[in-house]
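What's in work28.tsv: TSV, C-alpha atoms
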chain	number	residue	atom	x	y	z
A	17	MET	CA	21.03	8.57	-12.00
A	18	HIS	CA	21.29	12.29	-11.24
A	19	SER	CA	20.06	13.47	-7.88
A	20	SER	CA	18.62	16.56	-9.49
A	21	ALA	CA	18.02	17.93	-12.97
A	22	PRO	CA	20.92	19.72	-14.63
A	23	LYS	CA	20.61	23.46	-14.92
A	24	ASN	CA	20.99	23.44	-18.69
A	25	SER	CA	18.52	20.84	-19.85
A	26	MET	CA	15.99	20.26	-22.58
A	27	ALA	CA	12.57	18.70	-21.99
A	28	ALA	CA	11.47	15.95	-24.36
A	29	THR	CA	8.23	13.98	-24.26
A	30	ILE	CA	8.79	10.26	-24.40
A	31	VAL	CA	7.02	7.02	-23.61
A	32	PRO	CA	9.54	4.49	-22.30
A	33	PRO	CA	9.18	1.37	-24.44
A	34	THR	CA	10.17	-0.88	-21.54
A	35	TYR	CA	6.80	-0.32	-19.90
A	36	LYS	CA	5.09	-2.02	-22.85
A	37	SER	CA	7.53	-4.91	-23.31
A	38	ARG	CA	7.08	-8.51	-22.25
A	39	ASP	CA	10.09	-8.22	-19.97
A	40	ALA	CA	8.45	-5.30	-18.17
A	41	VAL	CA	5.25	-7.30	-17.68
A	42	ALA	CA	7.20	-10.30	-16.40
A	43	THR	CA	9.18	-8.13	-13.97
A	44	GLY	CA	5.97	-6.45	-12.84
A	45	LEU	CA	4.41	-9.85	-12.16
A	46	LEU	CA	7.44	-10.86	-10.08
A	47	PHE	CA	7.10	-7.71	-7.99
A	48	ALA	CA	3.34	-8.29	-7.62
A	49	ILE	CA	3.77	-11.90	-6.47
A	50	SER	CA	6.42	-10.86	-3.94
A	51	ASN	CA	4.06	-8.20	-2.67
A	52	VAL	CA	1.36	-10.79	-1.92
A	53	THR	CA	3.27	-12.37	0.97
A	54	ILE	CA	4.32	-9.02	2.38
A	55	SER	CA	0.80	-7.56	2.16
A	56	ALA	CA	-0.68	-10.64	3.80
A	57	LEU	CA	1.49	-10.06	6.85
A	58	GLN	CA	0.47	-6.43	7.35
A	59	PRO	CA	-2.96	-6.89	9.02
A	60	VAL	CA	-1.57	-9.72	11.15
A	61	ILE	CA	1.49	-7.85	12.46
A	62	THR	CA	-0.57	-4.67	12.88
A	63	ARG	CA	-3.20	-6.53	14.91
A	64	TYR	CA	-0.44	-7.98	17.10
A	65	ALA	CA	1.09	-4.53	17.61
A	66	ALA	CA	-2.31	-2.93	18.31
A	67	LEU	CA	-2.84	-5.32	21.22
A	68	LYS	CA	0.65	-5.21	22.72
A	69	ILE	CA	2.35	-1.91	21.76
A	70	ASP	CA	1.37	1.73	22.04
A	71	PRO	CA	-0.07	2.53	18.58
A	72	LEU	CA	1.78	5.81	18.10
A	73	VAL	CA	5.09	4.37	19.25
A	74	PHE	CA	4.65	1.43	16.89
A	75	CYS	CA	3.67	3.57	13.90
A	76	ALA	CA	6.36	6.21	14.37
A	77	SER	CA	9.22	3.81	15.10
A	78	SER	CA	8.31	1.37	12.31
A	79	VAL	CA	8.03	4.14	9.73
A	80	MET	CA	11.33	5.63	10.93
A	81	ILE	CA	13.04	2.29	10.27
A	82	ALA	CA	11.45	2.10	6.82
A	83	ALA	CA	12.60	5.68	6.17
A	84	ALA	CA	16.17	4.80	7.18
A	85	CYS	CA	16.16	1.82	4.78
A	86	ALA	CA	14.78	3.92	1.94
A	87	ALA	CA	17.16	6.85	2.54
A	88	THR	CA	20.15	4.48	2.56
A	89	ILE	CA	19.17	3.03	-0.81
A	90	LEU	CA	18.59	6.49	-2.30
A	91	ALA	CA	21.94	7.72	-1.01
A	92	CYS	CA	23.66	4.76	-2.67
A	93	THR	CA	21.88	5.36	-6.01
A	94	GLY	CA	22.41	9.12	-5.93
A	95	GLU	CA	18.66	9.85	-5.92
A	96	ILE	CA	18.35	11.28	-2.41
A	97	GLY	CA	18.31	14.85	-3.74
A	98	LEU	CA	15.11	14.18	-5.67
A	99	LEU	CA	13.19	14.13	-2.38
A	100	LEU	CA	13.84	17.87	-2.09
A	101	GLU	CA	13.19	18.82	-5.73
A	102	PHE	CA	10.69	21.69	-5.54
A	103	ARG	CA	8.72	20.57	-8.60
A	104	TYR	CA	8.06	17.15	-7.04
A	105	LEU	CA	7.86	18.15	-3.38
A	106	PRO	CA	4.10	18.90	-3.04
A	107	ARG	CA	3.16	15.63	-4.73
A	108	LEU	CA	5.67	13.58	-2.73
A	109	ILE	CA	4.35	15.03	0.53
A	110	ALA	CA	0.78	14.25	-0.58
A	111	ILE	CA	1.79	10.68	-1.45
A	112	SER	CA	3.40	10.26	1.97
A	113	THR	CA	0.44	11.77	3.85
A	114	ALA	CA	-2.16	9.63	2.11
A	115	GLY	CA	-0.15	6.46	1.59
A	116	THR	CA	1.63	6.17	4.94
A	117	VAL	CA	0.51	8.63	7.63
A	118	ALA	CA	-3.25	8.18	7.13
A	119	THR	CA	-3.15	4.46	6.40
A	120	THR	CA	-0.79	3.54	9.23
A	121	LEU	CA	-2.86	5.34	11.86
A	122	ALA	CA	-6.25	4.24	10.49
A	123	LEU	CA	-5.22	0.60	10.26
A	124	ILE	CA	-3.70	0.22	13.71
A	125	TYR	CA	-6.50	2.05	15.53
A	126	GLY	CA	-9.07	0.02	13.60
A	127	LEU	CA	-7.36	-3.28	14.37
A	128	ARG	CA	-7.27	-2.48	18.08
A	129	LYS	CA	-10.99	-3.31	18.15
A	130	ILE	CA	-11.47	-5.64	15.17
A	131	ASP	CA	-9.63	-8.94	14.67
A	132	ALA	CA	-7.29	-9.54	11.75
A	133	ILE	CA	-9.66	-11.81	9.81
A	134	ALA	CA	-12.47	-9.24	9.84
A	135	GLY	CA	-9.90	-6.61	8.92
A	136	VAL	CA	-8.79	-8.66	5.92
A	137	ILE	CA	-12.39	-8.79	4.66
A	138	LEU	CA	-12.73	-5.02	4.91
A	139	LEU	CA	-9.41	-4.49	3.15
A	140	GLU	CA	-10.76	-6.50	0.21
A	141	SER	CA	-12.51	-3.30	-0.85
A	142	GLU	CA	-9.19	-2.09	-2.28
A	143	PRO	CA	-9.86	-3.22	-5.89
A	144	VAL	CA	-13.08	-1.19	-5.82
A	145	TYR	CA	-11.21	2.00	-4.88
A	146	SER	CA	-8.53	1.14	-7.42
A	147	LEU	CA	-11.03	0.75	-10.24
A	148	ILE	CA	-12.85	3.97	-9.38
A	149	LEU	CA	-9.70	6.08	-9.06
A	150	ALA	CA	-8.02	4.53	-12.11
A	151	THR	CA	-11.15	5.26	-14.14
A	152	ILE	CA	-11.39	8.88	-12.99
A	153	PHE	CA	-7.74	9.91	-12.98
A	154	LEU	CA	-5.86	7.42	-15.18
A	155	LYS	CA	-8.50	6.99	-17.90
A	156	GLU	CA	-8.54	3.18	-17.49
A	157	ARG	CA	-12.13	2.52	-18.60
A	158	PRO	CA	-13.87	-0.41	-16.85
A	159	SER	CA	-15.62	-3.16	-18.79
A	160	ARG	CA	-19.01	-4.61	-17.88
A	161	ARG	CA	-17.24	-7.59	-16.37
A	162	GLN	CA	-15.21	-5.31	-14.15
A	163	LEU	CA	-18.32	-3.47	-12.99
A	164	LEU	CA	-20.06	-6.77	-12.20
A	165	ALA	CA	-16.98	-7.99	-10.36
A	166	THR	CA	-16.90	-4.79	-8.32
A	167	ALA	CA	-20.55	-5.27	-7.35
A	168	THR	CA	-19.71	-8.85	-6.28
A	169	ILE	CA	-16.93	-7.64	-3.98
A	170	LEU	CA	-19.18	-5.05	-2.36
A	171	ALA	CA	-21.97	-7.60	-1.94
A	172	ALA	CA	-19.58	-10.02	-0.23
A	173	ILE	CA	-18.45	-7.38	2.26
A	174	GLY	CA	-22.07	-6.38	2.85
A	175	TYR	CA	-23.03	-10.01	3.47
A	176	VAL	CA	-20.41	-10.43	6.19
A	177	PHE	CA	-21.39	-7.06	7.66
A	178	GLY	CA	-25.02	-8.16	8.02
A	179	ALA	CA	-24.33	-11.74	9.09
A	180	ALA	CA	-22.65	-11.09	12.43
A	181	HIS	CA	-20.94	-8.55	14.63
A	182	ALA	CA	-17.43	-9.03	13.25
A	183	PHE	CA	-17.41	-5.41	12.10
A	184	ARG	CA	-18.14	-3.91	15.50
A	185	PRO	CA	-17.56	-1.24	16.70
A	186	LEU	CA	-18.58	0.59	13.57
A	187	TYR	CA	-16.01	3.39	13.84
A	188	ALA	CA	-13.17	0.84	13.90
A	189	ALA	CA	-14.60	-0.92	10.84
A	190	LEU	CA	-14.82	2.40	9.00
A	191	LEU	CA	-11.19	3.17	9.81
A	192	ILE	CA	-10.12	-0.09	8.17
A	193	LEU	CA	-12.57	0.33	5.30
A	194	ILE	CA	-11.17	3.74	4.30
A	195	THR	CA	-7.55	2.59	4.56
A	196	PRO	CA	-7.49	1.15	1.00
A	197	MET	CA	-8.90	4.44	-0.31
A	198	PHE	CA	-5.86	6.28	1.04
A	199	TRP	CA	-3.53	3.60	-0.32
A	200	GLN	CA	-5.03	3.83	-3.78
A	201	SER	CA	-5.10	7.64	-3.72
A	202	SER	CA	-1.36	7.65	-3.07
A	203	HIS	CA	-0.83	5.16	-5.90
A	204	VAL	CA	-2.71	7.37	-8.36
A	205	LEU	CA	-0.65	10.37	-7.26
A	206	SER	CA	2.57	8.41	-7.66
A	207	LEU	CA	1.80	7.20	-11.16
A	208	LYS	CA	1.69	10.80	-12.38
A	209	VAL	CA	5.44	11.13	-11.68
A	210	MET	CA	6.62	7.55	-12.25
A	211	PRO	CA	8.40	7.95	-14.64
A	212	PRO	CA	10.48	10.10	-14.45
A	213	LEU	CA	10.80	9.22	-10.74
A	214	THR	CA	11.65	5.62	-9.89
A	215	PRO	CA	9.88	3.28	-7.45
A	216	ARG	CA	12.84	3.82	-5.10
A	217	VAL	CA	12.22	7.56	-4.91
A	218	ILE	CA	8.48	7.16	-4.34
A	219	THR	CA	9.12	4.60	-1.60
A	220	GLY	CA	11.66	6.91	0.04
A	221	ALA	CA	9.33	9.88	-0.08
A	222	ARG	CA	6.49	7.90	1.48
A	223	TYR	CA	8.50	6.98	4.54
A	224	VAL	CA	10.91	9.87	5.01
A	225	TYR	CA	8.17	12.50	5.14
A	226	ALA	CA	5.81	10.23	7.07
A	227	ALA	CA	8.50	9.57	9.68
A	228	ILE	CA	8.83	13.31	10.28
A	229	VAL	CA	5.07	13.76	10.66
A	230	LEU	CA	4.53	10.72	12.91
A	231	LEU	CA	7.51	11.60	15.13
A	232	ALA	CA	6.12	15.12	15.53
A	233	ILE	CA	2.73	13.69	16.52
A	234	LEU	CA	4.36	11.25	18.93
A	235	LEU	CA	6.38	13.94	20.70
A	236	GLY	CA	3.57	16.49	20.54
A	237	LEU	CA	1.24	14.18	22.44
A	238	GLY	CA	3.74	13.65	25.22
A	239	HIS	CA	5.30	10.35	24.16
A	240	SER	CA	8.79	11.67	24.79
A	241	SER	CA	10.45	8.34	25.53
A	242	LEU	CA	11.14	5.50	23.11
A	243	ALA	CA	12.80	3.40	25.80
A	244	VAL	CA	10.11	0.77	25.31
A	245	LEU	CA	11.90	-0.19	22.09
A	246	ALA	CA	14.59	-1.82	24.21
A	247	VAL	CA	12.12	-4.61	25.02
A	248	PRO	CA	12.59	-7.48	22.50
A	249	GLU	CA	8.83	-8.12	22.31
A	250	VAL	CA	8.45	-4.57	21.00
A	251	LEU	CA	11.69	-4.10	19.04
A	252	VAL	CA	11.38	-7.27	16.93
A	253	PRO	CA	7.92	-6.54	15.47
A	254	VAL	CA	8.87	-2.89	14.98
A	255	MET	CA	12.04	-3.80	13.07
A	256	PHE	CA	10.25	-6.46	11.03
A	257	THR	CA	7.37	-4.14	10.17
A	258	GLY	CA	9.58	-1.21	9.23
A	259	ALA	CA	12.19	-3.02	7.14
A	260	PHE	CA	10.10	-5.77	5.58
A	261	VAL	CA	6.37	-4.99	5.66
A	262	TYR	CA	6.63	-1.24	5.06
A	263	PHE	CA	9.83	-0.73	3.06
A	264	MET	CA	9.89	-3.92	1.01
A	265	GLY	CA	6.11	-3.90	0.69
A	266	SER	CA	6.09	-0.43	-0.84
A	267	PHE	CA	9.12	-1.09	-3.02
A	268	THR	CA	7.65	-4.26	-4.55
A	269	TRP	CA	4.26	-2.58	-4.99
A	270	TYR	CA	5.65	0.44	-6.85
A	271	GLY	CA	7.84	-1.89	-8.88
A	272	ALA	CA	4.66	-3.66	-9.99
A	273	ILE	CA	2.39	-0.68	-10.75
A	274	SER	CA	5.17	1.17	-12.56
A	275	ARG	CA	5.03	-1.64	-15.13
A	276	LEU	CA	1.44	-2.90	-14.97
A	277	SER	CA	-2.06	-1.44	-14.92
A	278	LEU	CA	-3.01	-0.19	-11.44
A	279	ALA	CA	-6.48	-1.77	-11.44
A	280	TRP	CA	-5.17	-5.07	-12.82
A	281	THR	CA	-2.25	-5.27	-10.38
A	282	THR	CA	-4.53	-4.55	-7.43
A	283	ALA	CA	-6.97	-7.22	-8.55
A	284	LEU	CA	-4.14	-9.74	-8.97
A	285	VAL	CA	-2.53	-9.12	-5.59
A	286	ILE	CA	-5.62	-8.76	-3.43
A	287	PRO	CA	-7.25	-12.19	-4.12
A	288	ALA	CA	-4.18	-14.03	-2.86
A	289	VAL	CA	-3.71	-11.82	0.20
A	290	PRO	CA	-6.80	-13.00	2.18
A	291	ILE	CA	-5.80	-16.65	1.89
A	292	ALA	CA	-2.26	-15.98	3.09
A	293	SER	CA	-3.54	-13.62	5.79
A	294	LEU	CA	-5.95	-16.27	7.08
A	295	VAL	CA	-3.10	-18.74	7.40
A	296	PHE	CA	-0.87	-16.19	9.15
A	297	ALA	CA	-3.71	-15.11	11.48
A	298	MET	CA	-4.38	-18.71	12.48
A	299	ILE	CA	-0.69	-19.49	13.01
A	300	PHE	CA	0.46	-16.33	14.78
A	301	LEU	CA	-2.72	-14.97	16.41
A	302	GLY	CA	-4.75	-18.14	16.96
A	303	GLU	CA	-7.77	-16.67	15.17
A	304	ARG	CA	-10.34	-18.91	13.46
A	305	PRO	CA	-12.65	-17.63	10.69
A	306	ALA	CA	-16.39	-18.18	11.06
A	307	ALA	CA	-18.39	-19.82	8.27
A	308	HIS	CA	-19.92	-16.53	7.13
A	309	GLU	CA	-16.47	-14.93	7.01
A	310	LEU	CA	-15.14	-17.72	4.81
A	311	ALA	CA	-18.19	-17.34	2.55
A	312	GLY	CA	-17.63	-13.59	2.29
A	313	ILE	CA	-13.95	-13.97	1.51
A	314	GLY	CA	-14.71	-16.60	-1.12
A	315	SER	CA	-17.33	-14.43	-2.82
A	316	ALA	CA	-15.07	-11.39	-2.82
A	317	MET	CA	-12.23	-13.44	-4.31
A	318	ILE	CA	-14.49	-14.49	-7.19
A	319	GLY	CA	-15.12	-10.82	-7.91
A	320	MET	CA	-11.42	-10.03	-7.73
A	321	LEU	CA	-10.50	-12.82	-10.11
A	322	ALA	CA	-13.12	-11.50	-12.52
A	323	LEU	CA	-11.39	-8.12	-12.35
A	324	VAL	CA	-8.08	-9.76	-13.27
A	325	LEU	CA	-9.56	-11.61	-16.22
A	326	GLY	CA	-11.54	-8.58	-17.38
A	327	SER	CA	-8.70	-6.09	-17.79
A	328	ASP	CA	-5.36	-5.62	-19.51
A	329	ALA	CA	-2.23	-6.05	-17.39
A	330	ARG	CA	-0.18	-3.56	-19.35
A	331	ARG	CA	0.09	-0.10	-17.88
A	332	ASN	CA	-1.24	2.79	-19.96
A	333	VAL	CA	1.77	5.07	-19.54
A	334	VAL	CA	1.12	8.79	-19.80
A	335	PRO	CA	3.92	10.49	-21.76
A	336	ALA	CA	6.43	11.88	-19.29
A	337	VAL	CA	8.91	14.71	-19.50
A	338	ALA	CA	12.43	13.36	-19.79
A	339	ILE	CA	15.49	15.41	-19.00
A	340	CYS	CA	18.14	15.38	-21.72
A	341	GLU	CA	21.49	16.99	-21.13

This entry written out as structure tokens:
Amino acid sequence: MHSSAPKNSMAATIVPPTYKSRDAVATGLLFAISNVTISALQPVITRYAALKIDPLVFCASSVMIAAACAATILACTGEIGLLLEFRYLPRLIAISTAGTVATTLALIYGLRKIDAIAGVILLESEPVYSLILATIFLKERPSRRQLLATATILAAIGYVFGAAHAFRPLYAALLILITPMFWQSSHVLSLKVMPPLTPRVITGARYVYAAIVLLAILLGLGHSSLAVLAVPEVLVPVMFTGAFVYFMGSFTWYGAISRLSLAWTTALVIPAVPIASLVFAMIFLGERPAAHELAGIGSAMIGMLALVLGSDARRNVVPAVAICE
């Protein structure tokens, strides 16, 4: 693949047939299923880091590792130059700011005060944001079943919120609650340029530009030393988060939504994530869900499954401009 468009080129409007084929749907499902395990680990590893590692050091160093992984892949595929293409640059920076800078900081500072299980419940709002944004910007019209399922998810989160103090302090809960909005906003932005850009390029843009921003924040606030990364208890979670949770998580996610409907993919992935996250939180953090938390998670999952059954998996691809030599 060319790293940049040729000077003498002709624009043609096409809809890639692969995005409508059964093979594309099957590949998208494989990416989505892989993403479940990775996504389930994110609140758990972030909660661990929030309690044991300086948040800014963790965010900046993890994203830098993810950026290095992404840049290496792009260099090997010859796509690295696309990160600097002027016509894509504003959108790629916006994707990185919303999808990585905002979400990384909001999630870790929220999980400093709220445990991973409560955080998982709040993150279950993601299909709601997905449905709203996909309806407004991608013209994916919701059915009555989808609207009812969305109301069920919101009611489940509201039930847990009113049943106990798991969502205290409120500012920390709000930080986690808005995290999926930034994730989904970045996904909507990315779908406008995917194709012609590949999931690899979008993943690279998310982390390369975010690494620059987070490193600037880290150094600007006086965190001039990264010597703490020499400690194994810090380096191991940072390496794991950057290479696996961030890089592979984003790559599998974009691989899924480039082939499947955004709202449908979100609703497929999110129901499985709380179950896996609960298991990981109990194993690695020693957390135990309360009865009302289990009830809330169960109710939200019913709503999410209804979203899956009430929508079409196939992505509605907007005709893209292809470059023909």

- Query: Which one is closest to Phe198 of chain A: A:Thr151, A:Ser266, A:Thr116, A:Leu245? Count only C-alpha atoms.
  - Reply: A:Thr116

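With distances taken over all atoms listed in the file, A:Ser202 is the one residue among A:Ser202, A:Thr257, A:Thr43, A:Ser274 lying closest to Leu108 of chain A.
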
- Message: Between A:Arg304, A:Ala246, A:Tyr125, A:Ile273, which residue has the minimum interatomic distance to Asp70 of chain A, considering only C-alpha atoms?
- Response: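 That would be A:Tyr125, the residue with the smallest distance to Asp70 of chain A.
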
- Contacts of segment 216-224 of chain A within 7 Å, all atoms listed in the file, excl. fewer than 5 positions in-chain, as a ChimeraX atom specification: /A:79,82-83,86-87,90,95,99,108,111-112,115-116,206,266-267

- Quick one: distance from atom CA of Ala56 of chain A to atom CA of Ala292 of chain A in Å, one decimal? 5.6 Å

- Message: Could you check which residues have any atom within 10 Å of (-1.2, -4.6, -7.3), counting all atoms listed in the file with coordinates taken straight from the file, and then list them as a ChimeraX atom specification?
- Response: /A:44-45,47-49,51-52,142-143,146,200,203,268-273,276-286
